[in-house]
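Source file: protein_29.cif. Holds: mmCIF, C-alpha atoms.
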```cif
data_input
loop_
_atom_site.label_atom_id
_atom_site.label_comp_id
_atom_site.auth_asym_id
_atom_site.auth_seq_id
_atom_site.Cartn_x
_atom_site.Cartn_y
_atom_site.Cartn_z
CA MET A 1 9.20 -28.74 21.79
CA LYS A 2 7.63 -27.01 18.83
CA LEU A 3 4.12 -27.85 17.64
CA SER A 4 3.35 -27.70 13.96
CA LYS A 5 0.06 -26.44 12.53
CA THR A 6 -0.86 -30.00 11.54
CA SER A 7 -0.37 -31.25 15.10
CA VAL A 8 -2.51 -28.48 16.54
CA ALA A 9 -5.24 -29.11 13.94
CA LEU A 10 -5.22 -32.85 14.74
CA LEU A 11 -5.44 -32.09 18.46
CA VAL A 12 -8.41 -29.76 17.91
CA VAL A 13 -10.23 -32.38 15.79
CA GLN A 14 -9.68 -35.09 18.42
CA LEU A 15 -10.88 -32.82 21.23
CA ALA A 16 -13.96 -31.90 19.19
CA LEU A 17 -14.81 -35.59 18.64
CA VAL A 18 -14.46 -36.51 22.31
CA SER A 19 -16.36 -33.39 23.41
CA SER A 20 -19.24 -34.12 21.02
CA VAL A 21 -19.68 -37.64 22.42
CA ALA A 22 -19.56 -36.34 25.99
CA ALA A 23 -22.08 -33.60 25.13
CA LYS A 24 -24.42 -36.16 23.53
CA TYR A 25 -24.36 -38.34 26.67
CA LEU A 26 -24.88 -35.33 28.92
CA VAL A 27 -27.89 -34.11 26.89
CA GLN A 28 -29.37 -37.64 26.91
CA ARG A 29 -28.97 -37.81 30.70
CA TRP A 30 -31.02 -34.60 31.00
CA THR A 31 -33.68 -35.39 28.38
CA CYS A 32 -34.12 -39.19 28.27
CA PRO A 33 -36.10 -41.16 30.85
CA ARG A 34 -34.27 -42.51 33.89
CA VAL A 35 -35.31 -45.57 35.87
CA TRP A 36 -34.09 -47.91 38.59
CA THR A 37 -34.08 -51.61 37.68
CA ARG A 38 -32.75 -54.79 39.22
CA ALA A 39 -29.44 -56.06 37.92
CA VAL A 40 -27.73 -59.43 37.99
CA ALA A 41 -23.94 -59.30 38.22
CA TYR A 42 -21.73 -61.94 36.69
CA GLU A 43 -18.00 -62.40 36.13
CA PRO A 44 -16.88 -60.09 33.33
CA ALA A 45 -15.04 -61.69 30.44
CA LEU A 46 -13.67 -58.62 28.69
CA PRO A 47 -9.88 -58.54 28.23
CA MET A 48 -9.61 -54.86 29.18
CA ARG A 49 -7.92 -53.62 32.32
CA GLY A 50 -9.68 -51.93 35.19
CA ARG A 51 -12.36 -52.79 37.71
CA TYR A 52 -15.89 -53.07 36.50
CA LEU A 53 -19.08 -55.06 36.98
CA SER A 54 -20.86 -56.73 34.08
CA LEU A 55 -24.58 -56.47 34.78
CA GLN A 56 -27.60 -57.98 33.09
CA LEU A 57 -30.62 -55.73 33.53
CA VAL A 58 -33.99 -57.17 34.53
CA VAL A 59 -36.92 -55.93 32.41
CA ASP A 60 -40.68 -56.33 32.59
CA GLY A 61 -41.95 -58.10 29.48
CA CYS A 62 -45.54 -58.66 30.61
CA ARG A 63 -46.89 -56.30 27.93
CA SER A 64 -44.83 -58.08 25.30
CA THR A 65 -46.37 -60.64 22.98
CA LEU A 66 -44.14 -63.69 22.96
CA PRO A 67 -43.21 -65.18 19.58
CA SER A 68 -45.32 -68.27 20.21
CA VAL A 69 -48.17 -69.14 22.54
CA LYS A 70 -46.39 -72.44 23.18
CA GLN A 71 -43.64 -70.54 25.00
CA ALA A 72 -45.85 -69.06 27.73
CA VAL A 73 -48.27 -70.41 30.31
CA VAL A 74 -50.87 -68.26 32.02
CA PRO A 75 -52.20 -69.56 35.35
CA ARG A 76 -56.03 -69.56 35.22
CA ASN A 77 -58.86 -69.48 37.74
CA PHE A 78 -61.64 -72.11 37.74
CA ASP A 79 -63.72 -69.93 35.44
CA GLY A 80 -60.89 -69.69 32.87
CA THR A 81 -59.85 -66.11 33.56
CA ALA A 82 -56.15 -65.32 33.75
CA LYS A 83 -54.68 -65.31 37.26
CA GLY A 84 -51.38 -63.61 37.91
CA ARG A 85 -48.52 -63.13 35.49
CA PHE A 86 -47.56 -65.57 32.78
CA PHE A 87 -44.33 -67.49 32.97
CA ILE A 88 -42.11 -69.15 30.40
CA ALA A 89 -42.86 -72.79 29.66
CA ALA A 90 -40.42 -73.28 26.77
CA PRO A 91 -37.93 -76.12 27.33
CA GLN A 92 -34.96 -73.82 26.75
CA PRO A 93 -34.21 -70.09 26.91
CA PHE A 94 -35.16 -67.98 23.91
CA GLN A 95 -34.57 -64.43 22.75
CA PHE A 96 -36.73 -61.82 21.10
CA PRO A 97 -36.02 -58.26 19.90
CA ALA A 98 -37.71 -55.55 21.94
CA GLN A 99 -37.94 -51.80 22.30
CA LEU A 100 -37.05 -50.55 25.80
CA LYS A 101 -39.41 -48.03 27.40
CA VAL A 102 -39.96 -46.55 30.83
CA GLU A 103 -43.58 -46.77 31.99
CA GLY A 104 -44.85 -46.48 35.54
CA ASN A 105 -41.30 -46.23 36.90
CA LYS A 106 -40.45 -49.63 35.38
CA LEU A 107 -38.16 -50.68 32.56
CA MET A 108 -40.41 -52.38 30.00
CA ALA A 109 -39.51 -54.57 27.01
CA ILE A 110 -42.07 -54.30 24.19
CA ARG A 111 -41.52 -57.03 21.59
CA ILE A 112 -40.79 -55.83 18.05
CA GLU A 113 -43.11 -57.75 15.75
CA ASP A 114 -40.97 -57.45 12.61
CA PRO A 115 -37.25 -56.98 13.44
CA VAL A 116 -36.35 -56.83 9.73
CA TYR A 117 -38.01 -53.40 9.40
CA ASN A 118 -36.98 -52.23 12.88
CA PRO A 119 -33.41 -53.45 13.53
CA ALA A 120 -32.81 -50.97 16.37
CA GLY A 121 -34.26 -53.29 19.02
CA THR A 122 -32.53 -54.80 22.02
CA LEU A 123 -32.32 -58.58 22.47
CA VAL A 124 -34.19 -59.81 25.55
CA ASP A 125 -33.71 -63.27 27.12
CA ALA A 126 -36.60 -65.26 28.54
CA TRP A 127 -35.67 -68.21 30.75
CA PRO A 128 -37.78 -71.34 31.40
CA GLY A 129 -39.85 -71.00 34.56
CA SER A 130 -39.23 -67.25 34.86
CA SER A 131 -42.03 -64.77 35.31
CA CYS A 132 -42.78 -62.23 32.60
CA ASP A 133 -41.50 -59.42 34.84
CA ALA A 134 -38.08 -61.08 35.19
CA PHE A 135 -36.80 -61.10 31.60
CA ARG A 136 -33.21 -59.96 31.10
CA ILE A 137 -31.48 -57.81 28.51
CA HIS A 138 -29.05 -60.06 26.65
CA ALA A 139 -26.15 -57.59 26.27
CA PRO A 140 -24.52 -56.67 29.57
CA VAL A 141 -24.07 -53.13 30.86
CA ASP A 142 -20.59 -52.51 32.22
CA PHE A 143 -20.32 -50.34 35.34
CA TYR A 144 -16.78 -49.13 36.08
CA ILE A 145 -15.66 -48.64 39.67
CA ALA A 146 -12.62 -46.96 41.21
CA GLU A 147 -9.53 -49.04 41.87
CA HIS A 148 -9.63 -48.74 45.66
CA ALA A 149 -13.43 -48.78 46.12
CA ALA A 150 -15.13 -51.70 47.86
CA GLN A 151 -16.86 -53.99 45.38
CA PRO A 152 -20.59 -54.61 46.11
CA THR A 153 -20.49 -58.24 44.95
CA PRO A 154 -20.93 -61.00 46.00
CA LEU A 155 -24.27 -60.11 47.51
CA LYS A 156 -25.31 -61.21 50.99
CA PRO A 157 -28.47 -63.31 51.39
CA GLY A 158 -31.56 -61.13 50.92
CA GLN A 159 -29.73 -58.36 49.08
CA GLU A 160 -30.59 -57.17 45.58
CA LEU A 161 -28.41 -55.09 43.27
CA TRP A 162 -30.23 -52.17 41.59
CA ILE A 163 -28.93 -49.77 38.98
CA GLU A 164 -30.19 -46.40 37.79
CA ILE A 165 -29.96 -46.08 34.01
CA THR A 166 -30.74 -43.64 31.25
CA VAL A 167 -32.82 -45.15 28.42
CA PRO A 168 -31.86 -43.41 25.15
CA PRO A 169 -34.11 -43.66 22.07
CA ASN A 170 -31.53 -45.87 20.33
CA GLY A 171 -28.72 -47.96 21.71
CA PRO A 172 -28.11 -49.67 25.02
CA PRO A 173 -29.08 -48.27 28.43
CA ARG A 174 -26.41 -46.13 30.07
CA PRO A 175 -25.57 -46.70 33.77
CA ILE A 176 -25.65 -43.85 36.28
CA GLN A 177 -25.36 -45.31 39.80
CA LEU A 178 -25.78 -48.49 41.86
CA ALA A 179 -27.71 -49.26 45.05
CA LEU A 180 -28.19 -52.27 47.29
CA LYS A 181 -31.67 -53.17 48.50
CA GLN A 182 -32.22 -55.30 51.59
CA ASP A 183 -35.47 -55.67 53.55
CA GLY A 184 -37.01 -52.75 51.65
CA ALA A 185 -34.16 -50.36 52.58
CA TRP A 186 -32.08 -48.73 49.83
CA LYS A 187 -28.40 -48.02 50.29
CA PRO A 188 -26.68 -46.17 47.42
CA VAL A 189 -23.25 -47.59 46.67
CA ALA A 190 -20.60 -44.87 46.81
CA PHE A 191 -17.35 -45.49 44.96
CA GLN A 192 -14.91 -42.97 46.46
#
```
Written form, structure tokens:
Amino acid sequence: MKLSKTSVALLVVQLALVSSVAAKYLVQRWTCPRVWTRAVAYEPALPMRGRYLSLQLVVDGCRSTLPSVKQAVVPRNFDGTAKGRFFIAAPQPFQFPAQLKVEGNKLMAIRIEDPVYNPAGTLVDAWPGSSCDAFRIHAPVDFYIAEHAAQPTPLKPGQELWIEITVPPNGPPRPIQLALKQDGAWKPVAFQ
């Protein structure tokens, strides 16, 4: 088989493209903040082949200002001071754009006041009755697992699924590894 100069040039261009994306992700893993956050797994609906988990990430939105005061309730003491965290009192779920940040070893969602001028935000879901520290990122994060590895879902009673992610300045969080938490004990999930 004889390769022409055009074929070799095309191969070099394709390798350069793939290598540049891989280098970008590697640099972001070294330089961007990393954090562990709870995840909620659900049945993936993508038509692609392979084994993967679709995960919704849990974020803390307590520092976020909700779009309307009617959508949040703050428990109060007898003297009128706020007691505890607010929770969602809206009759149905709602979404708001937010900037993701890592503060105090937590994944935070800070609401973007004017999404028209800052379209780079991530949509965050707030559910009725949920606490402000249990908002979820709308778009799922897909975590791919090996074909013969044991799947960590469904979870046993008392177990929580946690995921370590990299939070880049723009774009969705990027998964690194999974762990199961039960009774305060962490068990990293190995996929060999």
Identify the residues within 6 Å of coordinate (-33.2, -59.0, 22.4) (same frame as the file), considering only C-alpha atoms, and give the answer as a PDB file with C-alpha atoms, in the frame of the given file.
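Saved result, selection-v2.pdb, follows:
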```
ATOM      1  CA  GLN A  95     -34.570 -64.430  22.750  1.00  0.00           C
ATOM      2  CA  PHE A  96     -36.730 -61.820  21.100  1.00  0.00           C
ATOM      3  CA  PRO A  97     -36.020 -58.260  19.900  1.00  0.00           C
ATOM      4  CA  ALA A  98     -37.710 -55.550  21.940  1.00  0.00           C
ATOM      5  CA  THR A 122     -32.530 -54.800  22.020  1.00  0.00           C
ATOM      6  CA  LEU A 123     -32.320 -58.580  22.470  1.00  0.00           C
ATOM      7  CA  VAL A 124     -34.190 -59.810  25.550  1.00  0.00           C
TER       8      VAL A 124
END
```
Output as JSON lines one row per residue of range 142-178 of chain A within 12 Å of range 103-107 of chain A: the closest atom pair and its distance in Å to one decimal place, counting all atoms listed in the file, sorted by chain and residue number ascending.
```
{"residue": "A:Ile163", "atom": "CA", "partner": "A:Leu107", "partner_atom": "CA", "distance": 11.3}
{"residue": "A:Glu164", "atom": "CA", "partner": "A:Leu107", "partner_atom": "CA", "distance": 10.4}
{"residue": "A:Ile165", "atom": "CA", "partner": "A:Leu107", "partner_atom": "CA", "distance": 9.5}
{"residue": "A:Thr166", "atom": "CA", "partner": "A:Leu107", "partner_atom": "CA", "distance": 10.3}
{"residue": "A:Val167", "atom": "CA", "partner": "A:Leu107", "partner_atom": "CA", "distance": 8.7}
{"residue": "A:Pro173", "atom": "CA", "partner": "A:Leu107", "partner_atom": "CA", "distance": 10.3}
```
**Message:** For the provided coordinates, the residues matched by the PyMOL selection byres ((chain A and resi 158) around 8) should be stated as a list in words.
**Reply:** Lys156, Pro157, Gln159, Glu160, Gln182 and Asp183 of chain A
With C-alpha atoms kept, could you save the residues just selected as a PDB file, in the frame of the given file?
```pdb
ATOM      1  CA  LYS A 156     -25.310 -61.210  50.990  1.00  0.00           C
ATOM      2  CA  PRO A 157     -28.470 -63.310  51.390  1.00  0.00           C
ATOM      3  CA  GLN A 159     -29.730 -58.360  49.080  1.00  0.00           C
ATOM      4  CA  GLU A 160     -30.590 -57.170  45.580  1.00  0.00           C
ATOM      5  CA  GLN A 182     -32.220 -55.300  51.590  1.00  0.00           C
ATOM      6  CA  ASP A 183     -35.470 -55.670  53.550  1.00  0.00           C
TER       7      ASP A 183
END
```
**Request:** Run the PyMOL selection byres ((chain A and resi 143) around 9) against the file shown and list the residues it catches, as a VMD selection string.
**Result:** chain A and resid 51 to 55 141 to 142 144 to 145 175 to 178
**CA of Val40 in chain A to CA of Asp60 in chain A, distance in Å rounded to a single decimal** = 14.4 Å
**Asked** Do you know which residues are at most 7 Å from Arg136 in chain A counting all atoms listed in the file, after dropping those on the same chain fewer than 4 positions away, and could you put them as an MDAnalysis selection string?
**Response** chainID A and resid 56:59 124:126
**Request:** Quick one: everything within 6 Å of Asp133 in chain A, counting all atoms listed in the file, minus sequence neighbours fewer than 2 positions away in the same chain. Send it as a PyMOL selection string.
**Result:** chain A and resi 60-62+131+135
**Request:** Calculate how many Å separate CA of Ala150 in chain A from CA of Val189 in chain A, rounding to one decimal.
**Result:**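 Result for CA of Ala150 in chain A versus CA of Val189 in chain A: 9.2 Å, one decimal.
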